[in-house]
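Okay, upload-v8.cif is below, mmCIF, C-alpha atoms:
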data_my_file
loop_
_atom_site.label_atom_id
_atom_site.label_comp_id
_atom_site.auth_asym_id
_atom_site.auth_seq_id
_atom_site.Cartn_x
_atom_site.Cartn_y
_atom_site.Cartn_z
CA MET P 1 -2.55 -27.41 -35.91
CA LYS P 2 -0.18 -28.30 -33.07
CA MET P 3 0.30 -25.61 -30.44
CA SER P 4 3.69 -24.82 -28.94
CA LEU P 5 4.29 -25.86 -25.32
CA TYR P 6 4.21 -22.17 -24.39
CA ASP P 7 0.82 -21.63 -26.01
CA GLU P 8 -0.57 -24.85 -24.56
CA GLN P 9 0.40 -23.71 -21.06
CA CYS P 10 -1.04 -20.23 -21.69
CA ALA P 11 -4.31 -21.74 -22.93
CA ARG P 12 -4.62 -23.93 -19.82
CA ASP P 13 -3.83 -21.08 -17.46
CA PHE P 14 -6.19 -18.71 -19.27
CA GLU P 15 -9.04 -21.20 -19.08
CA ILE P 16 -8.66 -21.30 -15.29
CA MET P 17 -8.45 -17.49 -15.05
CA GLU P 18 -11.35 -16.97 -17.45
CA SER P 19 -13.68 -19.11 -15.34
CA ARG P 20 -13.10 -16.70 -12.44
CA ILE P 21 -13.53 -13.41 -14.31
CA ASP P 22 -15.93 -14.15 -17.17
CA HIS P 23 -18.84 -12.57 -15.29
CA PHE P 24 -17.09 -9.18 -15.43
CA PHE P 25 -17.31 -9.08 -19.24
CA ALA P 26 -20.16 -7.64 -21.27
CA GLU P 27 -20.84 -7.27 -25.00
CA MET P 28 -21.18 -3.86 -26.60
CA ALA P 29 -22.44 -3.40 -30.17
CA VAL P 30 -21.17 -0.38 -32.15
CA GLU P 31 -20.55 0.68 -35.73
CA CYS P 32 -17.43 -1.05 -37.06
CA PRO P 33 -14.41 1.16 -36.21
CA TYR P 34 -12.70 -0.06 -39.39
CA HIS P 35 -15.66 0.89 -41.61
CA LEU P 36 -16.44 -2.65 -42.68
CA PRO P 37 -20.11 -3.23 -43.59
CA HIS P 38 -20.97 -5.04 -40.34
CA ASP P 39 -21.80 -4.10 -36.78
CA ALA P 40 -18.93 -4.67 -34.37
CA ARG P 41 -19.47 -6.40 -31.05
CA PHE P 42 -16.84 -5.86 -28.37
CA TYR P 43 -16.61 -8.35 -25.51
CA GLN P 44 -14.93 -6.26 -22.83
CA ALA P 45 -14.38 -5.50 -19.15
CA LEU P 46 -12.73 -2.78 -17.08
CA PHE P 47 -9.67 -3.72 -15.04
CA SER P 48 -7.43 -2.32 -12.33
CA PRO P 49 -3.74 -3.31 -12.22
CA LEU P 50 -3.03 -6.81 -13.50
CA SER P 51 -0.03 -9.00 -12.89
CA ASP P 52 2.46 -9.41 -15.71
CA ARG P 53 1.35 -13.04 -16.13
CA ALA P 54 -2.36 -12.19 -16.28
CA MET P 55 -1.77 -9.64 -19.06
CA GLU P 56 0.42 -12.16 -20.86
CA LEU P 57 -2.43 -14.70 -20.78
CA PHE P 58 -4.91 -12.20 -22.17
CA LEU P 59 -2.59 -11.29 -25.05
CA ALA P 60 -1.80 -14.95 -25.76
CA SER P 61 -5.56 -15.56 -25.99
CA GLY P 62 -6.13 -12.83 -28.59
CA TYR P 63 -7.28 -9.99 -26.32
CA ARG P 64 -6.44 -6.31 -26.81
CA ARG P 65 -6.23 -3.26 -24.54
CA ASN P 66 -8.06 0.07 -24.90
CA GLY P 67 -7.48 2.35 -21.91
CA ASN P 68 -8.49 0.36 -18.84
CA CYS P 69 -10.54 -2.12 -20.91
CA LEU P 70 -9.47 -5.51 -22.17
CA TYR P 71 -11.52 -6.83 -25.06
CA THR P 72 -11.89 -9.31 -27.86
CA MET P 73 -14.26 -9.27 -30.83
CA HIS P 74 -17.54 -11.23 -30.88
CA CYS P 75 -18.86 -9.89 -34.18
CA PRO P 76 -21.68 -12.21 -35.38
CA ASP P 77 -21.30 -11.51 -39.12
CA CYS P 78 -17.59 -10.84 -39.48
CA SER P 79 -14.25 -12.39 -38.54
CA ALA P 80 -11.95 -9.89 -40.25
CA CYS P 81 -10.05 -8.84 -37.10
CA VAL P 82 -7.31 -11.42 -36.60
CA PRO P 83 -4.72 -10.97 -33.79
CA ILE P 84 -1.17 -11.04 -35.12
CA ARG P 85 2.06 -11.79 -33.25
CA LEU P 86 5.77 -11.77 -34.07
CA HIS P 87 8.59 -13.80 -32.54
CA PRO P 88 11.51 -11.34 -32.75
CA ARG P 89 14.24 -13.99 -32.75
CA GLU P 90 12.73 -15.58 -35.87
CA MET P 91 12.40 -12.42 -37.95
CA LYS P 92 13.81 -12.28 -41.48
CA LEU P 93 13.77 -8.79 -42.96
CA ASN P 94 12.78 -8.43 -46.59
CA ARG P 95 14.24 -5.99 -49.10
CA ASN P 96 11.66 -3.28 -48.41
CA GLN P 97 12.17 -3.45 -44.65
CA ARG P 98 15.94 -3.15 -45.06
CA ARG P 99 15.28 -0.16 -47.33
CA VAL P 100 13.10 1.44 -44.64
CA LEU P 101 15.90 1.02 -42.10
CA LYS P 102 18.37 2.66 -44.45
CA LYS P 103 15.97 5.48 -45.29
CA ASN P 104 15.53 6.28 -41.60
CA GLN P 105 19.14 6.14 -40.45
CA ASP P 106 18.83 9.82 -39.56
CA ILE P 107 15.94 9.16 -37.14
CA GLU P 108 16.77 9.24 -33.43
CA VAL P 109 14.77 6.68 -31.41
CA GLU P 110 13.85 7.27 -27.76
CA PHE P 111 12.21 4.65 -25.53
CA ALA P 112 10.61 6.12 -22.42
CA PRO P 113 7.45 6.07 -20.27
CA ILE P 114 4.24 7.35 -21.88
CA THR P 115 3.97 11.12 -21.53
CA ALA P 116 1.01 13.30 -22.48
CA SER P 117 3.38 16.12 -23.45
CA GLU P 118 2.37 19.08 -25.57
CA GLU P 119 4.48 17.92 -28.50
CA ASN P 120 2.99 14.41 -28.36
CA ILE P 121 -0.57 15.74 -28.23
CA ARG P 122 0.11 18.25 -31.00
CA LEU P 123 1.52 15.56 -33.33
CA CYS P 124 -1.27 13.13 -32.46
CA GLU P 125 -3.87 15.76 -33.35
CA LYS P 126 -2.14 16.52 -36.66
CA PHE P 127 -2.20 12.80 -37.47
CA LEU P 128 -5.88 12.43 -36.53
CA ARG P 129 -6.93 15.48 -38.58
CA SER P 130 -5.13 14.07 -41.61
CA ARG P 131 -6.14 10.40 -41.35
CA TYR P 132 -9.49 10.50 -39.53
CA PRO P 133 -11.02 13.96 -40.20
CA HIS P 134 -14.57 12.63 -39.73
CA LYS P 135 -13.98 11.79 -36.07
CA TYR P 136 -14.39 14.17 -33.16
CA ASN P 137 -11.21 12.99 -31.50
CA ASP P 138 -8.29 14.94 -30.13
CA GLY P 139 -4.83 14.04 -28.94
CA LYS P 140 -5.54 14.73 -25.28
CA SER P 141 -8.54 12.38 -25.19
CA TYR P 142 -6.47 9.67 -26.92
CA TYR P 143 -3.87 9.88 -24.17
CA GLU P 144 -6.36 10.10 -21.29
CA GLY P 145 -8.82 7.48 -22.55
CA PHE P 146 -6.72 5.12 -24.66
CA PHE P 147 -2.94 5.20 -24.13
CA LEU P 148 -2.58 5.85 -20.39
CA ASN P 149 -3.97 3.11 -18.17
CA ARG P 150 -3.98 1.54 -14.71
CA ILE P 151 -3.66 -2.04 -16.00
CA ILE P 152 -0.02 -2.45 -16.98
CA PRO P 153 3.14 -0.31 -17.42
CA GLY P 154 3.25 1.59 -20.69
CA MET P 155 6.13 2.95 -22.75
CA GLU P 156 6.50 4.91 -25.95
CA PHE P 157 8.91 5.02 -28.86
CA ARG P 158 9.61 8.59 -29.92
CA PHE P 159 11.06 9.16 -33.36
CA ARG P 160 12.89 12.44 -33.92
CA LEU P 161 14.30 13.99 -37.08
CA ARG P 162 16.91 16.60 -36.15
CA GLY P 163 15.16 17.03 -32.80
CA ARG P 164 11.64 17.32 -34.25
CA LEU P 165 9.11 14.68 -33.19
CA VAL P 166 7.85 12.84 -36.29
CA GLY P 167 6.28 9.73 -34.78
CA THR P 168 5.28 8.05 -31.51
CA GLY P 169 4.53 4.38 -30.87
CA ILE P 170 2.59 3.44 -27.72
CA VAL P 171 3.34 -0.01 -26.25
CA ASP P 172 2.67 -2.10 -23.15
CA VAL P 173 5.70 -4.01 -21.89
CA GLY P 174 6.05 -7.11 -19.75
CA GLN P 175 8.83 -9.46 -18.81
CA ASN P 176 8.46 -11.63 -21.93
CA TRP P 177 6.01 -9.72 -24.14
CA MET P 178 5.44 -6.38 -25.81
CA ASN P 179 2.05 -5.16 -26.96
CA ALA P 180 1.70 -2.50 -29.68
CA VAL P 181 -1.18 -0.21 -28.71
CA TYR P 182 -1.10 2.64 -31.25
CA PHE P 183 1.18 4.53 -33.62
CA TYR P 184 0.81 8.04 -34.96
CA PHE P 185 3.17 10.08 -37.11
CA ASP P 186 3.64 13.31 -39.01
CA PRO P 187 1.66 12.94 -42.28
CA ASP P 188 4.27 15.16 -43.97
CA GLU P 189 6.77 12.30 -43.47
CA ALA P 190 4.58 9.57 -44.96
CA SER P 191 7.25 8.64 -47.54
CA ARG P 192 9.49 7.36 -44.75
CA SER P 193 7.17 4.39 -43.99
CA LEU P 194 7.37 5.19 -40.28
CA GLY P 195 4.74 2.55 -39.42
CA THR P 196 7.11 -0.12 -40.69
CA PHE P 197 10.05 1.59 -38.99
CA ASN P 198 8.11 1.58 -35.70
CA ILE P 199 7.64 -2.21 -35.89
CA LEU P 200 11.30 -2.69 -36.79
CA SER P 201 12.22 -0.59 -33.74
CA MET P 202 9.97 -2.74 -31.55
CA ILE P 203 11.61 -5.90 -32.88
CA GLU P 204 15.08 -4.50 -32.14
CA THR P 205 14.06 -3.48 -28.62
CA CYS P 206 12.52 -6.90 -27.94
CA LEU P 207 15.80 -8.52 -28.94
CA LYS P 208 17.75 -6.21 -26.62
CA LEU P 209 15.36 -6.91 -23.71
CA ASP P 210 15.14 -10.65 -24.46
CA ILE P 211 11.37 -10.43 -25.10
CA SER P 212 9.97 -13.43 -26.98
CA TYR P 213 6.52 -12.26 -28.11
CA LEU P 214 5.53 -9.05 -29.87
CA TYR P 215 1.79 -8.48 -30.34
CA LEU P 216 0.87 -6.12 -33.19
CA GLY P 217 -2.87 -5.86 -32.64
CA TYR P 218 -5.19 -6.88 -35.45
CA TYR P 219 -4.39 -7.91 -38.98
CA ILE P 220 -7.33 -6.99 -41.24
CA GLU P 221 -6.97 -8.05 -44.87
CA GLU P 222 -9.53 -5.51 -46.14
CA VAL P 223 -7.96 -2.49 -44.40
CA ALA P 224 -4.72 -1.11 -45.86
CA ALA P 225 -3.68 0.51 -42.58
CA MET P 226 -3.86 -2.91 -40.89
CA ASN P 227 -2.75 -5.44 -43.52
CA TYR P 228 0.86 -4.24 -43.96
CA LYS P 229 1.67 -6.22 -40.80
CA ARG P 230 1.56 -9.46 -42.81
CA ARG P 231 4.78 -8.42 -44.56
CA PHE P 232 6.78 -9.31 -41.46
CA ASP P 233 8.08 -12.80 -41.98
CA PRO P 234 7.32 -15.07 -40.28
CA HIS P 235 4.27 -13.98 -38.31
CA TYR P 236 1.60 -15.76 -36.33
CA LEU P 237 -2.18 -15.34 -36.68
CA TYR P 238 -4.65 -16.26 -33.95
CA LEU P 239 -7.04 -18.55 -35.86
CA ASP P 240 -9.50 -21.06 -34.38
CA ASP P 241 -8.31 -20.27 -30.83
CA GLY P 242 -4.66 -20.98 -31.60
CA TRP P 243 -1.59 -19.28 -33.06
CA ARG P 244 -0.75 -20.42 -36.58
CA LYS P 245 2.66 -19.66 -38.09
CA ILE P 246 2.55 -17.97 -41.49
CA ASP P 247 5.89 -18.09 -43.28
CA LYS P 248 7.13 -16.68 -46.61
CA LEU P 249 3.89 -14.80 -47.25
CA THR P 250 5.70 -11.66 -48.31
#
Could you express the structure from this file as structure tokens?
Amino acid sequence: MKMSLYDEQCARDFEIMESRIDHFFAEMAVECPYHLPHDARFYQALFSPLSDRAMELFLASGYRRNGNCLYTMHCPDCSACVPIRLHPREMKLNRNQRRVLKKNQDIEVEFAPITASEENIRLCEKFLRSRYPHKYNDGKSYYEGFFLNRIIPGMEFRFRLRGRLVGTGIVDVGQNWMNAVYFYFDPDEASRSLGTFNILSMIETCLKLDISYLYLGYYIEEVAAMNYKRRFDPHYLYLDDGWRKIDKLT
């Protein structure tokens, strides 16, 4: 698999950076957050503000952000979590994605800094109660411990239906990259496919801002909430320490 010149340069720069910061990282074993039958092992470290380029290198090397932590997976018995990336200028929408755009023509999209507002927290809690009722999580703790951070500037997409908030997408944004952190929505509007609409909105915004790389987190084949990302064509998967283009999979 031949790497692009961009990814080759990122890999070289990350190797230099990694040699200086590797001692800050530690492994943490927990129950798999995606309920797969394996223990999960996070390789992570806490960070203060990073430069745009440093965050870009982490993302290009398959790392993710959770609050003020950057991490990658070192699970000994599982390799299900595969980082996935889109190149907005290459995107070709399929019939279903065009249908989702048409279905949501009445949605107003706002793009603004992350705000732990009452309406955001209220909708986030409604989403968590519906989708993850077994967890003792609440919207406020998600904002304070997960979405808001000191590492890199964050933004959010707010989706409104006649003024009512029906979805919020949390993203990190750099000069040439966007990183999807989390998306929650009103379960009563599930038929609108707002998760797909959120990604389509990110793609459109990347094109407007001339952003070349859109990171969607993990693609997990066994988890329905994570495998719909493969329907975006083409996409790139981080396999064997390199990004591999997957085309016409949908």
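Evaluating the PyMOL selection byres ((chain P and resi 107) around 6) against the shown model yields Asn104, Gln105, Asp106, Glu108, Arg160 and Leu161 of chain P.
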Any chance you could export the current selection's C-alpha atoms as a PDB file, in the coordinates of the input?
ATOM      1  CA  ASN P 104      15.530   6.280 -41.600  1.00  0.00           C
ATOM      2  CA  GLN P 105      19.140   6.140 -40.450  1.00  0.00           C
ATOM      3  CA  ASP P 106      18.830   9.820 -39.560  1.00  0.00           C
ATOM      4  CA  GLU P 108      16.770   9.240 -33.430  1.00  0.00           C
ATOM      5  CA  ARG P 160      12.890  12.440 -33.920  1.00  0.00           C
ATOM      6  CA  LEU P 161      14.300  13.990 -37.080  1.00  0.00           C
TER       7      LEU P 161
END
Counting only C-alpha atoms, which residues in region 9-106 of chain P sit no more than 7 Å from region 217-225 of chain P? For each one, give the nearest pair of atoms and the distance in Å, sorted by chain then residue number, as a Markdown table.
| residue | atom | partner | partner_atom | distance |
| --- | --- | --- | --- | --- |
| P:Arg64 | CA | P:Gly217 | CA | 6.9 |
| P:Ala80 | CA | P:Ile220 | CA | 5.5 |
| P:Cys81 | CA | P:Ile220 | CA | 5.3 |
| P:Val82 | CA | P:Tyr218 | CA | 5.1 |
| P:Pro83 | CA | P:Tyr218 | CA | 4.4 |
| P:Ile84 | CA | P:Tyr218 | CA | 5.8 |
Write a file of the just-selected residues containing C-alpha atoms, as a tab-separated table (two decimals), in the coordinates of the input.
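Done, and the output landed in out11.tsv:
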chain	number	residue	atom	x	y	z
P	64	ARG	CA	-6.44	-6.31	-26.81
P	80	ALA	CA	-11.95	-9.89	-40.25
P	81	CYS	CA	-10.05	-8.84	-37.10
P	82	VAL	CA	-7.31	-11.42	-36.60
P	83	PRO	CA	-4.72	-10.97	-33.79
P	84	ILE	CA	-1.17	-11.04	-35.12
(request) Quick one: pull the distance between CA of Ala116 (chain P) and CA of Leu194 (chain P), Å, one decimal. (result)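 Here the two named atoms are 20.6 Å from each other.
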(request) Determine the nearest neighbour of Ser212 (chain P) from the options P:Glu90, P:Glu144, P:Asp188, P:Asp240, counting all atoms listed in the file. (result)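 Result for the nearest residue to Ser212 (chain P): P:Glu90.
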(request) Using the chain letters and residue numbers of this document, give as a PyMOL selection string the residues selected by the PyMOL selection byres ((chain P and resi 167) around 7). (result) chain P and resi 158-159+165-166+168-169+184-186
Would you write out those residues with C-alpha atoms, as an mmCIF file, keeping the file's coordinate frame?
data_model
loop_
_atom_site.group_PDB
_atom_site.id
_atom_site.type_symbol
_atom_site.label_atom_id
_atom_site.label_comp_id
_atom_site.auth_asym_id
_atom_site.auth_seq_id
_atom_site.Cartn_x
_atom_site.Cartn_y
_atom_site.Cartn_z
ATOM 1 C CA ARG P 158 9.610 8.590 -29.920
ATOM 2 C CA PHE P 159 11.060 9.160 -33.360
ATOM 3 C CA LEU P 165 9.110 14.680 -33.190
ATOM 4 C CA VAL P 166 7.850 12.840 -36.290
ATOM 5 C CA THR P 168 5.280 8.050 -31.510
ATOM 6 C CA GLY P 169 4.530 4.380 -30.870
ATOM 7 C CA TYR P 184 0.810 8.040 -34.960
ATOM 8 C CA PHE P 185 3.170 10.080 -37.110
ATOM 9 C CA ASP P 186 3.640 13.310 -39.010
#
